[in-house]
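*Asks:* Before anything else, here's the structure in question.
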2 protein chains.
Amino acid sequence: MKQIVILGSTGSIGTNTLDIVAKFPEEFRIVGLTAATKDEKLEEQLRMFKPQIVALADHAAAARLRARCKDLPVEILSGLEGVAQVARLPEAALVISAIVGGAGLVPTLAAIRARKQVALANKEPMVMAGHLMQEEARRHGVRIFPVDSEHSAIFQSMEGHRREDIRRLILTASGGPLWELSREQMRDVKPAQALQHPNWKMGSKITIDSATLMNKGLEIIEARWLFDIPPSQIEVLVHRESIIHSLVEYKDGSVIAQLGLPDMRTPISYAMQYPARVPLDTPPLDLASIGTLTFYQPDHERFPCLGLGYQALRTGGTSPAVLNAANEIAVAAYLQEGIGFLDIADVIRTTTEAHTASEVSTVEDALEADRWAREKAEELVHALAR
Amino acid sequence: MKQIVILGSTGSIGTNTLDIVAKFPEEFRIVGLTAATKDEKLEEQLRMFKPQIVALADHAAAARLRARCKDLPVEILSGLEGVAQVARLPEAALVISAIVGGAGLVPTLAAIRARKQVALANKEPMVMAGHLMQEEARRHGVRIFPVDSEHSAIFQSMEGHRREDIRRLILTASGGPLWELSREQMRDVKPAQALQHPNWKMGSKITIDSATLMNKGLEIIEARWLFDIPPSQIEVLVHRESIIHSLVEYKDGSVIAQLGLPDMRTPISYAMQYPARVPLDTPPLDLASIGTLTFYQPDHERFPCLGLGYQALRTGGTSPAVLNAANEIAVAAYLQEGIGFLDIADVIRTTTEAHTASEVSTVEDALEADRWAREKAEELVHALAR
């Protein structure tokens with residue numbers, strides 16, 4: 001019986017994880033949950049899974065939850081320190097890091113420093129402070145299991161093969177909901193359209209990242225640190241059907257890939273029970289019915305965010321943290337219809353160009369760059385929205 | 001430095017193996033070679049690779065070779081016992097079993113009993129006496145590494161993952177040169193057309209097997225014994241481009257596959273140097289240039305040989321040996337234009353239907369069934385050719 005904490009339990013990865021726990025009660029037990037603001041959803045979860053401790057980052061939401069859950073033997077913490085405390089819970093063996101965005105950095109590091117096994121769905125800690133995360137994981141003897149479908153695919157395609165034989169990692173990208181559009185057509189795309197992902201049902205932030213291909217820009221940075229592979233050996237391939245989740249090419253020309261119907265429960269449960277697999281009720285992959293898999297080179301002209309990702313990775317230091325923060329602000333502004341779709345990349349580019357990269361030796365260095373970039377990007381967004 | 005014997009060095013797998021040895025002289029050394037009849041080609045090889053011993057199954061060919069190689073310090077054996085003696089060579093660590101057809105059974109078993117690591121390119125030993133081969137390998141602590149591209153793909157897709165988590169093996173089939181033809185059109189197909197394989201350059205016997213899909217019928221039998229997986233968990237998928245060489249589906253819905261440009265040097269070198277890989281000069285797999293991968297259900301109506309394979313596997317005992325022998329006779333007759341393309345399946349079906357399966361407890365049981373089937377199939381061929 002593995003005791004589990006979920007950071008970000010009310011999001012898409014969090015609820016999928018709880019589905020798996022509910023299905024395999026002999027294998028997993030929830031001991032702690034955290035969320036940002038959704039106290040009602042968290043209440044449902046804690047009444048069902050009975051963790052001993054929960055935290056809400058938002059103090060007011062935590063106060064509401066406390067008022068409603070007086071009947072339950074659960075400790076309810078609040079604020080970022082409350083979330084970090086749940087991440088360090090002594091009873092937990094595995095922490096699912098599924099907070100959306102940069103807010104996941106501090107609690108994920110707290111879990112690593114408390115020597116928890118970490119299942120990482122939250123890209124941003126690796127993007128903002130990848131080198132530091134890698135160092136801390138090494139120092140504390142912690143293995144980080146990727147949950148992102150692409151990184152889980154890479155991980156599964158590396159298992160049983162020698163790292164030193166790797167020629168390149170190939171991350172697949174669906175191309176997102178706007179793949180067929182010209183740059184001119186993208187200009188007027190409303191959020192409702194950009195949120196129609198062809199293959200995956202995900203949160204809105206990550207779905208917009210998928211529409212801009214910034215998702216892949218962040219993923220190459222994550223892959224660089226998760227797998228300790230230099231940027232020049234990480235490539236992106238557009239694969240519309242999202243059946244091949246990613247591939248690893250070895251020096252004898254052999255390519256190992258992981259495939260499957262798009263279902264986040266597969267990579268989540270693999271990270272939870274590695275190296276064993278739990279029997280999910282997934283339908284068999286019927287490639288004859290699917291019929292055709294298609295592949296394209298990514299188009300950097302129409303999707304400049306991918307190139308911005310590579311550039312930030314090559315520049316290094318605080319650059320990826322700045323890229324990520326500018327993207328979060330720009331996407332939020334786009335979702336609120338404060339800026340246009342093409343403005344997203346412009347806000348990110350202008351922010352990163354205004355930044356002078358420096359080393360990330362501590363979390364504070366990454367957080368400081370994050371704050372600076374948010375402020376800068378907010379300025380740009382306001383100027384555009386005017 | 002790994003010391004290697006190649007059984008069947010003048011065929012397609014044999015010459016590819018020698019290419020690899022020539023390229024990595026620090027890693028591999030040839031200590032023994034065998035061939036059936038091609039004494040001139042074997043002479044070239046022994047002058048280049050300087051093995052201490054060679055054998056030709058054909059006595060007259062061996063006599064010719066001896067006459068021409070008096071200047072060389074090489075022992076030249078002949079006959080089946082000569083070939084088996086090379087297979088047992090004490091200096092060899094690895095035996096590449098690449099004889100075409102049922103003639104490979106006895107020398108491959110000899111290598112296993114001499115506790116050699118075996119790289120198996122020759123399907124027939126597993127088809128004719130799979131259970132026995134598996135038992136002998138277990139008893140002698142010998143690991144058999146598959147060289148067939150499909151089985152190498154399965155093997156590579158199982159490495160690092162738990163056997164007990166496997167849901168099914170999916171062997172891919174190119175569909176061969178006649179995939180687009182109706183049964184009516186197949187009737188008059190001449191060998192020259194059936195030998196035009198779209199993706200692989202192989203020997204003529206295996207290319208015809210690919211055109212009838214008997215190749216896949218034999219491969220499911222081979223897979224059953226190589227991987228100890230029941231027939232109900234082995235499936236065939238037609239994949240025209242031969243880029244995905246085969247797949248393994250696990251119980252969490254995850255599918256691991258091995259891909260690559262069609263190049264036999266990849267699976268051969270993997271079997272030679274497992275778990276390490278040698279750096280081959282293969283071009284990177286450029287899926288964006290390939291563009292599209294297509295998949296179909298196998299068509300049992302037009303390609304009855306696949307169903308005959310499943311049937312022989314389910315019947316068990318001597319049935320697969322009979323299937324294989326009838327196929328060898330029928331294909332040889334077709335290549336000599338003694339019978340038509342559609343007659344191949346008919347000869348095999350009539351032969352297997354006339355056979356009463358019995359257990360294979362010894363090699364002799366398999367060889368006896370093989371002899372019986374050859375005779376029966378020859379009769380049928382003569383009747384048709386008249």
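Residues are referred to by chain and number: the chain letter is A, B, ... according to the order shown in the structure tokens, the number counts from 1 in that chain, and ligands are numbered separately from 1 in the order shown.
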Skipping near chain neighbours, those fewer than 2 positions away, what residues fall within 12 Å of region 163-169 of chain A using only C-alpha atoms, listed as a ChimeraX atom specification?

*Replies:* /A:150-151,153-155,157-161,171-172,219-220,223-224,226-237,245-257 /B:270,274-286

*Asks:* Would you return as a ChimeraX atom specification the members of region 217-338 of chain B that DSSP assigns to strand (DSSP E or B) on this structure's backbone?

*Replies:* /B:234-239,244-250,255-259,292-296

*Asks:* Residues of region 83-157 of chain A classed as helix (DSSP H, G or I) by DSSP on the backbone are to be reported as a ChimeraX atom specification.

*Replies:* /A:83-87,102-113,124-139,149-157

*Asks:* Leaving out region 65-74 of chain B and any residue of its chain fewer than 4 positions from it, which residues lie within 12 Å of it when counting only C-alpha atoms, given as a VMD selection string?

*Replies:* chain B and resid 31 to 33 35 37 to 61 78

*Asks:* Counting only C-alpha atoms, which of A:Gly309, A:Pro320, A:Pro25, A:Gly260 gets nearest to chain B?

*Replies:*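 The closest residue to chain B is A:Gly260.
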
*Asks:* Go through A:Leu105, A:Leu178, A:Val21, A:Ile221 one by one, measure the shortest atom-to-atom distance of each to Thr207 (chain A) using only C-alpha atoms, and give the residue with the smallest value.

*Replies:* A:Leu178

*Asks:* Which residue out of A:His197, A:Arg162, A:Arg138, A:Lys190 has the minimum interatomic distance to Pro177 (chain A) when only C-alpha atoms are used?

*Replies:* A:His197

*Asks:* In terms of the shortest atom-to-atom distance over only C-alpha atoms, which of A:Thr294, A:Ser152, A:Thr356, A:Asn16 is closest to chain B?

*Replies:* A:Thr294

*Asks:* With a distance cut-off of 12 Å and only C-alpha atoms, select the neighbouring residues of Leu384 (chain B), excluding the residue or stretch itself and same-chain residues fewer than 6 positions from it, and output the selection as a compact mmCIF listing (two decimals) with all heavy atoms, in the first residue's frame.

*Replies:*
# COMPACT_ATOMS: atom_id res chain seq x y z
N ALA B 330 6.63 -25.99 -51.50
CA ALA B 330 5.72 -25.23 -52.38
C ALA B 330 6.41 -23.98 -52.92
O ALA B 330 6.28 -23.65 -54.10
CB ALA B 330 4.45 -24.87 -51.62
N ALA B 333 8.93 -24.90 -55.57
CA ALA B 333 8.23 -25.26 -56.80
C ALA B 333 7.72 -24.02 -57.52
O ALA B 333 7.80 -23.90 -58.74
CB ALA B 333 7.07 -26.21 -56.49
N TYR B 334 7.22 -23.08 -56.73
CA TYR B 334 6.73 -21.83 -57.34
C TYR B 334 7.89 -21.07 -58.00
O TYR B 334 7.76 -20.56 -59.11
CB TYR B 334 6.05 -20.97 -56.28
CG TYR B 334 5.71 -19.58 -56.79
CD1 TYR B 334 4.75 -19.41 -57.79
CD2 TYR B 334 6.37 -18.47 -56.29
CE1 TYR B 334 4.46 -18.15 -58.28
CE2 TYR B 334 6.08 -17.20 -56.77
CZ TYR B 334 5.13 -17.05 -57.78
OH TYR B 334 4.85 -15.80 -58.27
N GLU B 337 8.73 -22.18 -61.14
CA GLU B 337 7.54 -22.06 -61.98
C GLU B 337 6.85 -23.39 -62.27
O GLU B 337 6.21 -23.58 -63.29
CB GLU B 337 7.87 -21.29 -63.28
CG GLU B 337 8.50 -19.96 -62.94
CD GLU B 337 8.39 -18.93 -64.05
OE1 GLU B 337 7.41 -18.95 -64.79
OE2 GLU B 337 9.32 -18.08 -64.14
N GLY B 338 7.00 -24.30 -61.30
CA GLY B 338 6.31 -25.58 -61.43
C GLY B 338 4.85 -25.47 -61.02
O GLY B 338 4.00 -26.23 -61.48
N ILE B 339 4.57 -24.56 -60.11
CA ILE B 339 3.18 -24.35 -59.68
C ILE B 339 2.88 -22.85 -59.68
O ILE B 339 3.80 -22.02 -59.77
CB ILE B 339 2.91 -24.94 -58.26
CG1 ILE B 339 3.76 -24.23 -57.18
CG2 ILE B 339 3.19 -26.44 -58.23
CD1 ILE B 339 3.42 -24.64 -55.75
N GLY B 340 1.59 -22.50 -59.54
CA GLY B 340 1.19 -21.10 -59.52
C GLY B 340 1.23 -20.51 -58.12
O GLY B 340 1.36 -21.25 -57.13
N PHE B 341 1.09 -19.20 -58.03
CA PHE B 341 1.19 -18.52 -56.75
C PHE B 341 0.12 -19.01 -55.76
O PHE B 341 0.42 -19.28 -54.60
CB PHE B 341 1.09 -17.00 -56.94
CG PHE B 341 1.30 -16.24 -55.66
CD1 PHE B 341 2.58 -16.04 -55.17
CD2 PHE B 341 0.22 -15.75 -54.93
CE1 PHE B 341 2.78 -15.35 -53.97
CE2 PHE B 341 0.41 -15.06 -53.74
CZ PHE B 341 1.70 -14.87 -53.27
N LEU B 342 -1.11 -19.14 -56.22
CA LEU B 342 -2.19 -19.56 -55.32
C LEU B 342 -2.05 -21.03 -54.90
O LEU B 342 -2.60 -21.44 -53.88
CB LEU B 342 -3.56 -19.32 -55.95
CG LEU B 342 -3.95 -17.86 -56.18
CD1 LEU B 342 -5.35 -17.79 -56.78
CD2 LEU B 342 -3.90 -17.06 -54.89
N ASP B 343 -1.31 -21.79 -55.71
CA ASP B 343 -1.09 -23.20 -55.36
C ASP B 343 -0.27 -23.35 -54.08
O ASP B 343 -0.35 -24.38 -53.41
CB ASP B 343 -0.35 -23.93 -56.50
CG ASP B 343 -1.19 -24.03 -57.77
OD1 ASP B 343 -2.44 -24.05 -57.64
OD2 ASP B 343 -0.61 -24.09 -58.86
N ILE B 344 0.54 -22.35 -53.77
CA ILE B 344 1.41 -22.46 -52.58
C ILE B 344 0.55 -22.78 -51.36
O ILE B 344 0.78 -23.76 -50.66
CB ILE B 344 2.24 -21.17 -52.36
CG1 ILE B 344 3.19 -20.92 -53.54
CG2 ILE B 344 3.04 -21.27 -51.05
CD1 ILE B 344 3.94 -19.58 -53.48
N ASP B 346 -2.48 -23.84 -51.24
CA ASP B 346 -3.23 -25.10 -51.40
C ASP B 346 -2.36 -26.30 -51.05
O ASP B 346 -2.82 -27.23 -50.39
CB ASP B 346 -3.76 -25.22 -52.83
CG ASP B 346 -4.90 -24.25 -53.09
OD1 ASP B 346 -5.50 -23.76 -52.10
OD2 ASP B 346 -5.18 -23.96 -54.27
N VAL B 347 -1.12 -26.28 -51.52
CA VAL B 347 -0.20 -27.39 -51.20
C VAL B 347 -0.02 -27.49 -49.69
O VAL B 347 -0.06 -28.57 -49.10
CB VAL B 347 1.16 -27.19 -51.91
CG1 VAL B 347 2.23 -28.12 -51.34
CG2 VAL B 347 1.00 -27.39 -53.42
N ALA B 377 4.17 -33.04 -49.86
CA ALA B 377 4.07 -31.79 -50.62
C ALA B 377 4.64 -31.96 -52.03
O ALA B 377 4.09 -31.45 -53.00
CB ALA B 377 4.77 -30.66 -49.88
N GLU B 378 5.73 -32.74 -52.12
CA GLU B 378 6.31 -33.02 -53.44
C GLU B 378 5.30 -33.71 -54.34
O GLU B 378 5.14 -33.35 -55.51
CB GLU B 378 7.56 -33.91 -53.32
CG GLU B 378 8.79 -33.24 -52.72
CD GLU B 378 9.54 -32.35 -53.71
OE1 GLU B 378 9.01 -32.08 -54.80
OE2 GLU B 378 10.65 -31.89 -53.35

*Asks:* Neighbours of Pro125 (chain B) within 7 Å (only C-alpha atoms; same-chain residues fewer than 4 positions away dropped), as a list of chain:residue names?

*Replies:*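 Those residues are B:Gly102, B:Gly104, B:Leu105, B:Ala129, B:Gly130.
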
*Asks:* Using only C-alpha atoms, which protein or nucleic acid residues come within 12 Å of Val363 (chain A)? Drop anything in the same chain fewer than 4 positions from it, and give the result as number ranges by chain.

*Replies:* A: 102-110, 125-126, 128-133, 136, 317-318, 321, 359, 367-370

*Asks:* Counting only C-alpha atoms, what is within 10 Å of region 180-185 of chain A, bar same-chain residues fewer than 4 positions away, as a list in words?

*Replies:* Gly175, Gly176, Val189, Glu301, Arg302, Phe303, Phe341 and Leu342 of chain A

*Asks:* Store the residues picked out above in a file with N, CA and C atoms, as a PDB file, in the first residue's frame.

*Replies:*
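Saved result, again.pdb, follows:
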ATOM      1  N   GLY A 175       0.513  19.496 -32.509  1.00  0.00           N
ATOM      2  CA  GLY A 175       0.308  20.666 -33.367  1.00  0.00           C
ATOM      3  C   GLY A 175      -0.837  21.519 -32.842  1.00  0.00           C
ATOM      4  N   GLY A 176      -1.620  20.938 -31.957  1.00  0.00           N
ATOM      5  CA  GLY A 176      -2.679  21.709 -31.287  1.00  0.00           C
ATOM      6  C   GLY A 176      -3.844  22.067 -32.179  1.00  0.00           C
ATOM      7  N   VAL A 189      -8.057  34.536 -33.625  1.00  0.00           N
ATOM      8  CA  VAL A 189      -8.575  33.346 -32.942  1.00  0.00           C
ATOM      9  C   VAL A 189      -8.978  33.682 -31.509  1.00  0.00           C
ATOM     10  N   GLU A 301       7.865  29.429 -38.182  1.00  0.00           N
ATOM     11  CA  GLU A 301       7.317  30.702 -38.653  1.00  0.00           C
ATOM     12  C   GLU A 301       5.972  30.972 -37.978  1.00  0.00           C
ATOM     13  N   ARG A 302       5.067  29.990 -38.083  1.00  0.00           N
ATOM     14  CA  ARG A 302       3.731  30.178 -37.532  1.00  0.00           C
ATOM     15  C   ARG A 302       3.703  29.955 -36.019  1.00  0.00           C
ATOM     16  N   PHE A 303       4.668  29.203 -35.515  1.00  0.00           N
ATOM     17  CA  PHE A 303       4.670  28.875 -34.081  1.00  0.00           C
ATOM     18  C   PHE A 303       6.011  29.278 -33.468  1.00  0.00           C
ATOM     19  N   PHE A 341      -4.190  36.434 -29.931  1.00  0.00           N
ATOM     20  CA  PHE A 341      -3.436  35.185 -29.917  1.00  0.00           C
ATOM     21  C   PHE A 341      -1.977  35.401 -30.310  1.00  0.00           C
ATOM     22  N   LEU A 342      -1.736  36.199 -31.348  1.00  0.00           N
ATOM     23  CA  LEU A 342      -0.355  36.413 -31.795  1.00  0.00           C
ATOM     24  C   LEU A 342       0.438  37.255 -30.801  1.00  0.00           C
TER      25      LEU A 342
END

*Asks:* With only C-alpha atoms as the basis for distance, which of A:Ile170, A:Leu308, A:Ala119, A:Val322 is at the shortest distance from chain B?

*Replies:*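 Of all the options, A:Ile170 lies closest to chain B.
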
*Asks:* Between A:Asp263, A:Glu353, A:Glu379, A:Glu364, which is the closest to chain B once you count only C-alpha atoms?

*Replies:*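 Of all the options, A:Asp263 lies closest to chain B.
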